[in-house]
Structures are given as C-alpha cells and as structure tokens.
Amino acid sequence: MELVLADIEVVYGKRRRNHAVRGVSLRVGRGETLAVVGESGSGKTTIAKVAAGLQPATSGTVSWRATGDDGPAGPQRVHMVFQHPVQSLDPSWRIRRSVQEPLRYLGVTGDDADRRVHRLIAEVGLDPEILDRYPRDVSGGQAQRVAVARALVADPQIVILDEPTASLDQTVRGRILALLAELQQRTGVGYLMITHDISSVRRLATRIAVMYRGLIVESGPAPAVLADPRHPYTRALISAVPVADPRVSWDGVVALPRTSCPVPGPCHEHGPGLHEVGPDHVAGCTKADDPQKVATT
Amino acid sequence: MSLLSVRGLSIQTRTGTSLVRDLSLDVGEGEVVGIVGESGSGKTMTALSLLGLLPDGVHVSAGEAELAGRRFLDGPRLLARPNATMIFQNPTAALNPTMRIGAQLARLLRFLDRPDGRRRGGDVRDRAAGLLSSVGIDDPAAVLGRYPHQLSGGMNQRVMIAMAIAARPALLVADEPTTGLDVTVQAQILGLIRATVAEHGIGVLFVSHDMGVIAQLCQRVAVMYDGEVREFAPVDDIFHRPGDAYTRELLASAHDEPLADEEVADGTRAR
C-alpha cells in the first residue's frame, strides 16, 4: 500500500490570499520513512493534516495505491503522532482508554482489545502499570511512547509523525527515534515524518522531501540529499545545524529572502520545476546540476 | 578575576525537595559559559535564581554569588539587583501581548533613564529604532508598530535581545533562547549573541540541552544532572575528554550514536 498525494494545493483565508501549499506531490509506502523537512510556514504541517484527512485540500487528491506488499488490511490506514505528546492525550482519560480508542472504532473490545493494548505498551518499552495513570502523571518521553502505542494499536499502513521529538530532550529524542525505527522493522509500517530537525532525519528517513514556501524544492533518497544537497535552501538548512564539536568552525548563517529560492535567478519568475540531479533525486534549482553554470531551463 | 562567581548554590522547594545542590561555577568577562542538561536537571532554576526570579515556593537555601566583585546573593537573600538581564525560551510569551513593540521599548528606555534623573538625548522612539537596528532588524520602524503576535519567534527573540542589552548589563543569562526556532533562524540568533558578546564584552550564562549549540557558542561548559554539576570544564575537554559518564551519554546522543548504557532512565521527568 502506498499513500499518494497528488498536486495538493491549500489556500487559506477569506480572500484566498494565503497559498500555504502550492502543488505538492509525494508518496510514502510501507516500510519506508519519508521525511518532509522545512521551516515554519513552509507548509509541511499542512501537508501532514491533508494526508491524515484532518483538513481538506483546496485541490489535488489523496489516494491509496496497491503495491503488493500490503500489511494486514484494516479500515484504519493512517494514524498520527503529534508534536506535543502530553496535550495529544485526553487529560480526563486514563492511558488505557486513550490507547484503546482506535480499536473501539474497529469494533475490537473486551479481552481482545486488552491483549492488543498490553502488547503495544510492552513493545514501546513501558510498564503496564502506566495504563492506569492519567496523562498529567507521565513524563513527556513516556507520553510520546503512549502516543506511538496508540498510533500502532490498530495496525495502520502509514503513521504520520508531526515533529514527534520536537518537545523532547536530546537523550529522550534519541530513544524515541530508535523505538520508531525498531517498530518499523518489526511491523513494516510506513512513516510520513514532518520535522525541522535534521538529526531526526539522519536517523530515520529513507527519503527526504524539502519544502520551502509551499513548494517541494528538492527530494530524493536521504543519503543523497544529505550528502549532496543541490537546492540552495536544502544547503542552508543542513549547514544551519550547529556542529557538535568545538574544533569544527561553524557559522551557519545564510540569508533567506521570502521567495521560493534564496538565490536570485530565473526560478523567481518561472517557478523552479523539479529536474533530475541523480538517481531518484530531483531538485528545483536551475543551477542544481552544476553550481558553476546556469542551466537553460 | 571572574565576572560572575557562584559558590555552593543550593535551591529547594518549600516542602524541602532539593532542586540544585552545591553548584559552583564562574563566568569571565566576554566569556560564554554553557549549562547543559536535560529537563529537570536544575539548569533553568540555576539561571532564574541569579536574577531573583525563582517561582513561588522555590528558594535559594544556601550559597552565594558575586558579580564584578560585588556580592549580590547570600543564601536566601538577594542583597542587590545584579547588573544582569535574561532572555527566555519562548520570546513571544516573554513580551507583553497587549503592547506594541515600540511602546514596550519606550517604557524600558524611560525606566532605564530614571537612575540619573534626566533623560538622555534623542527621541525615545529613535533610540528604540536604533536598538532594533543593532540586533539586525532591517526595518525597525515597521517592527516598532507591531504587536508580538504579529512577529515571528526569531524576530521577537531579536527584540528581547535588544531589550536585554539596552540595560547595558555585565551579564546576560540566556535560557534556551533558540529552542523552538527554525534551525536557520537559530543560526542567526546564535550569530547575534556571538556578535553581542564581542561588541559589548559581556559575560553570558547560556542554558541549553543542545550539544551542537553548546559546542559552537561556549568557552566553558557545566554539565548538570539531577541538580548537580557533574563536570565543569573548557568546551574542548567536555567534547574530547569527557570526564563523566553522563557527559559521554549526552555526546553519544548528539552524535547520533547508539546509546551505550541505560544508566540514565528514559523520560523520568516531564518537560
């Protein structure tokens, strides 16, 4: 199963002035992690909401395509893990009820539901005694494990991760990412991960789509995009991450005007238009092929 | 001689729970000293205590602190207001939501004028605009007319830094000032802090949980865990000759290495 977003446009505002997403196409299949990266206002969270069915697109389609490697088919194909783990749980519900909730919609109740909930809580590395607690009595890291258990309890094809580690400490962050990777290997679930944290991307992503001002400006296999970024914004994003070594000199400041490309050029008038720069690796920059020469497109 | 000297600082809640124990550190003039640690390690409480900003029910139980040779903190008593200012993690929340930026800056400037009994030369609004220019805001006139909610987090943090340096402090305390900002904006704010230190020669106590930020900004680093300083050393030693197991774990997580041990329990504290 593959989740396919095609030509998604989202326009906000009464006068339809605010073009949050300007024609984005992407796909994410089982067993892989597509990381959508970009800054605040790039449209990445809007994409997550559209993919999850939480918000309609102004135009474009969201569909499923059979790929022959389907996991256990269930009506609940997509689930979501949100940025603020504690707030994403109902404060008046015990953890047990929150984790069970997706099963209720599938008509799974009683002992069956209880067994599934216990299995998932064990898989995310929590003690079952947490099931009787309320969200206020668990830490941020524990709450995010609960949210992961809830997202996976109904065997979804795809889990959408919206900044899953943004509000967690660095050490806790590492453990949640390791958990997500392990669960993916075991269950074959696909992840659509929305993030601005490049270190999360390095750990989990198989493919990367870089969004800037509502457009995908570069996408490709994660190692290729990270090692050889072609769009100026992708380069700015990667170089802006402070190097965790005082012996490596780092500046990281790159000026980014509010246009689709930080570098003045033909893209400004015609839009970038993605073109191939490597195997399955595309970039929307007229200079992406060779920084020395300006392509004629 | 160091600019800030903290000796044996302990912080407790009213009910006797210990939050920080026997903390000592120094910050030199023009030096950036980092405090790194996870949520609940006591790093923010340490920062707040130096400005007398501890929340209700939390107090300094022991220890003393000097700024520029003058003792300002002696146990639970704040002897004097130290010549220090602070910037916070969530700049939009730190500014007054009901006042335009211009009005907030004007109020601050008038307040700062008061000690010598007369106003300094120049219109307050011009001085406010000048302050915003000095923190790299290209169009100060437009920003002066805005409310905090109309500005980005990065812009509001620049405004906070402008307000913090307007007071000409000897020490700037920064509590995770770039957490939650986009990484490109974070790079700009870190650049601004570096430039501010270089220009004004102030000392900075910089609280963070991000080892990358710490590596790039600080000359010395205090690693905190569970209320205690586990290690206080030059940044190069912290990163290349860590003397403590917890420091090594922080480094492993920063370098995306698999974690060697589970000595530190996952998520024992809520953020």
# chains A, B, ... in the order shown; residues from 1 in each chain; ligands from 1
call {"tool": "residues_around", "arguments": {"residues": "Asp132 (chain A)", "least_positions_apart": "5", "cutoff": "9 Å", "atoms": "only C-alpha atoms", "output": "number ranges by chain"}}
result
A: 94-97
call {"tool": "interface_residues", "arguments": {"of": "chain A", "to": "chain B", "cutoff": "7 Å", "atoms": "only C-alpha atoms", "output": "MDAnalysis selection string"}}
result
chainID A and resid 39:40 138:142 169:172 174 196 237 240:246 250 252:253
call {"tool": "write_last_selection", "arguments": {"atoms": "C-alpha atoms", "output": "PDB file, in the first residue's frame"}}
result
ATOM      1  CA  GLU A  39      10.893  25.775   8.293  1.00  0.00           C
ATOM      2  CA  SER A  40       7.829  27.273   9.973  1.00  0.00           C
ATOM      3  CA  VAL A 138       3.590  10.716  32.956  1.00  0.00           C
ATOM      4  CA  SER A 139       6.679  12.431  31.528  1.00  0.00           C
ATOM      5  CA  GLY A 140       6.950  13.869  28.029  1.00  0.00           C
ATOM      6  CA  GLY A 141       9.025  10.904  26.852  1.00  0.00           C
ATOM      7  CA  GLN A 142       6.571   8.411  28.322  1.00  0.00           C
ATOM      8  CA  ASP A 169      15.238  16.367  25.347  1.00  0.00           C
ATOM      9  CA  GLN A 170      18.143  15.225  23.228  1.00  0.00           C
ATOM     10  CA  THR A 171      18.664  11.934  25.077  1.00  0.00           C
ATOM     11  CA  VAL A 172      14.933  11.106  25.155  1.00  0.00           C
ATOM     12  CA  GLY A 174      17.349   9.527  20.588  1.00  0.00           C
ATOM     13  CA  HIS A 196      12.704  20.583  11.052  1.00  0.00           C
ATOM     14  CA  LEU A 237      19.068  24.038   6.148  1.00  0.00           C
ATOM     15  CA  ALA A 240      22.477  25.752   9.783  1.00  0.00           C
ATOM     16  CA  VAL A 241      22.711  22.782  12.160  1.00  0.00           C
ATOM     17  CA  PRO A 242      25.381  23.589  14.748  1.00  0.00           C
ATOM     18  CA  VAL A 243      28.212  21.069  14.625  1.00  0.00           C
ATOM     19  CA  ALA A 244      28.545  19.267  17.963  1.00  0.00           C
ATOM     20  CA  ASP A 245      32.314  19.649  18.005  1.00  0.00           C
ATOM     21  CA  PRO A 246      34.068  22.799  19.200  1.00  0.00           C
ATOM     22  CA  TRP A 250      30.749  26.751  12.117  1.00  0.00           C
ATOM     23  CA  GLY A 252      25.612  28.566   9.638  1.00  0.00           C
ATOM     24  CA  VAL A 253      24.011  31.896   8.851  1.00  0.00           C
TER      25      VAL A 253
END
call {"tool": "atom_distance", "arguments": {"atom1": "CA of Leu3 (chain B)", "atom2": "CA of Asp26 (chain B)"}}
result
7.3 Å
call {"tool": "select_by_dssp", "arguments": {"residues": "region 75-184 of chain B", "states": "strand (DSSP E)", "output": "MDAnalysis selection string"}}
result
chainID B and resid 77:78 84:87 171:175
call {"tool": "closest_atom_pairs", "arguments": {"of": "region 101-201 of chain A", "to": "region 213-226 of chain A", "cutoff": "12 Å", "atoms": "only C-alpha atoms", "output": "JSON lines"}}
result
{"residue": "A:Ile198", "atom": "CA", "partner": "A:Leu226", "partner_atom": "CA", "distance": 9.0}
{"residue": "A:Ser199", "atom": "CA", "partner": "A:Leu226", "partner_atom": "CA", "distance": 10.6}
{"residue": "A:Ser200", "atom": "CA", "partner": "A:Ala222", "partner_atom": "CA", "distance": 11.5}
{"residue": "A:Val201", "atom": "CA", "partner": "A:Ala222", "partner_atom": "CA", "distance": 7.9}
call {"tool": "closest_residue", "arguments": {"among": "B:Gly57, B:Gly203, B:Gly154, B:Gly75", "to": "Thr13 (chain B)", "atoms": "only C-alpha atoms"}}
result
B:Gly57
call {"tool": "residues_around", "arguments": {"residues": "region 83-86 of chain A", "least_positions_apart": "4", "cutoff": "6 Å", "atoms": "only C-alpha atoms", "output": "list of chain:residue names"}}
result
A:Ala143, A:Gln144, A:Asp162, A:Glu163, A:Pro164
call {"tool": "write_last_selection", "arguments": {"atoms": "N, CA, C and O atoms", "output": "PDB file, in the first residue's frame"}}
result
ATOM      1  N   ALA A 143       4.825   9.939  27.552  1.00  0.00           N
ATOM      2  CA  ALA A 143       3.603  10.279  26.820  1.00  0.00           C
ATOM      3  C   ALA A 143       3.791  10.035  25.330  1.00  0.00           C
ATOM      4  O   ALA A 143       2.881   9.567  24.645  1.00  0.00           O
ATOM      5  N   GLN A 144       5.018  10.349  24.825  1.00  0.00           N
ATOM      6  CA  GLN A 144       5.220  10.123  23.396  1.00  0.00           C
ATOM      7  C   GLN A 144       5.245   8.626  23.087  1.00  0.00           C
ATOM      8  O   GLN A 144       4.786   8.198  22.037  1.00  0.00           O
ATOM      9  N   ASP A 162       4.162  14.081  13.272  1.00  0.00           N
ATOM     10  CA  ASP A 162       4.299  15.537  13.144  1.00  0.00           C
ATOM     11  C   ASP A 162       5.246  16.036  14.222  1.00  0.00           C
ATOM     12  O   ASP A 162       4.860  16.161  15.372  1.00  0.00           O
ATOM     13  N   GLU A 163       6.480  16.329  13.864  1.00  0.00           N
ATOM     14  CA  GLU A 163       7.505  16.787  14.814  1.00  0.00           C
ATOM     15  C   GLU A 163       7.506  15.903  16.066  1.00  0.00           C
ATOM     16  O   GLU A 163       7.322  16.408  17.173  1.00  0.00           O
ATOM     17  N   PRO A 164       7.714  14.593  15.907  1.00  0.00           N
ATOM     18  CA  PRO A 164       7.492  13.682  17.030  1.00  0.00           C
ATOM     19  C   PRO A 164       8.472  13.874  18.186  1.00  0.00           C
ATOM     20  O   PRO A 164       8.184  13.440  19.290  1.00  0.00           O
TER      21      PRO A 164
END
call {"tool": "residues_around", "arguments": {"residues": "Ala147 (chain A)", "least_positions_apart": "4", "cutoff": "8 Å", "atoms": "only C-alpha atoms", "output": "ChimeraX atom specification"}}
result
/A:81-82,85,88-89,99,143,151
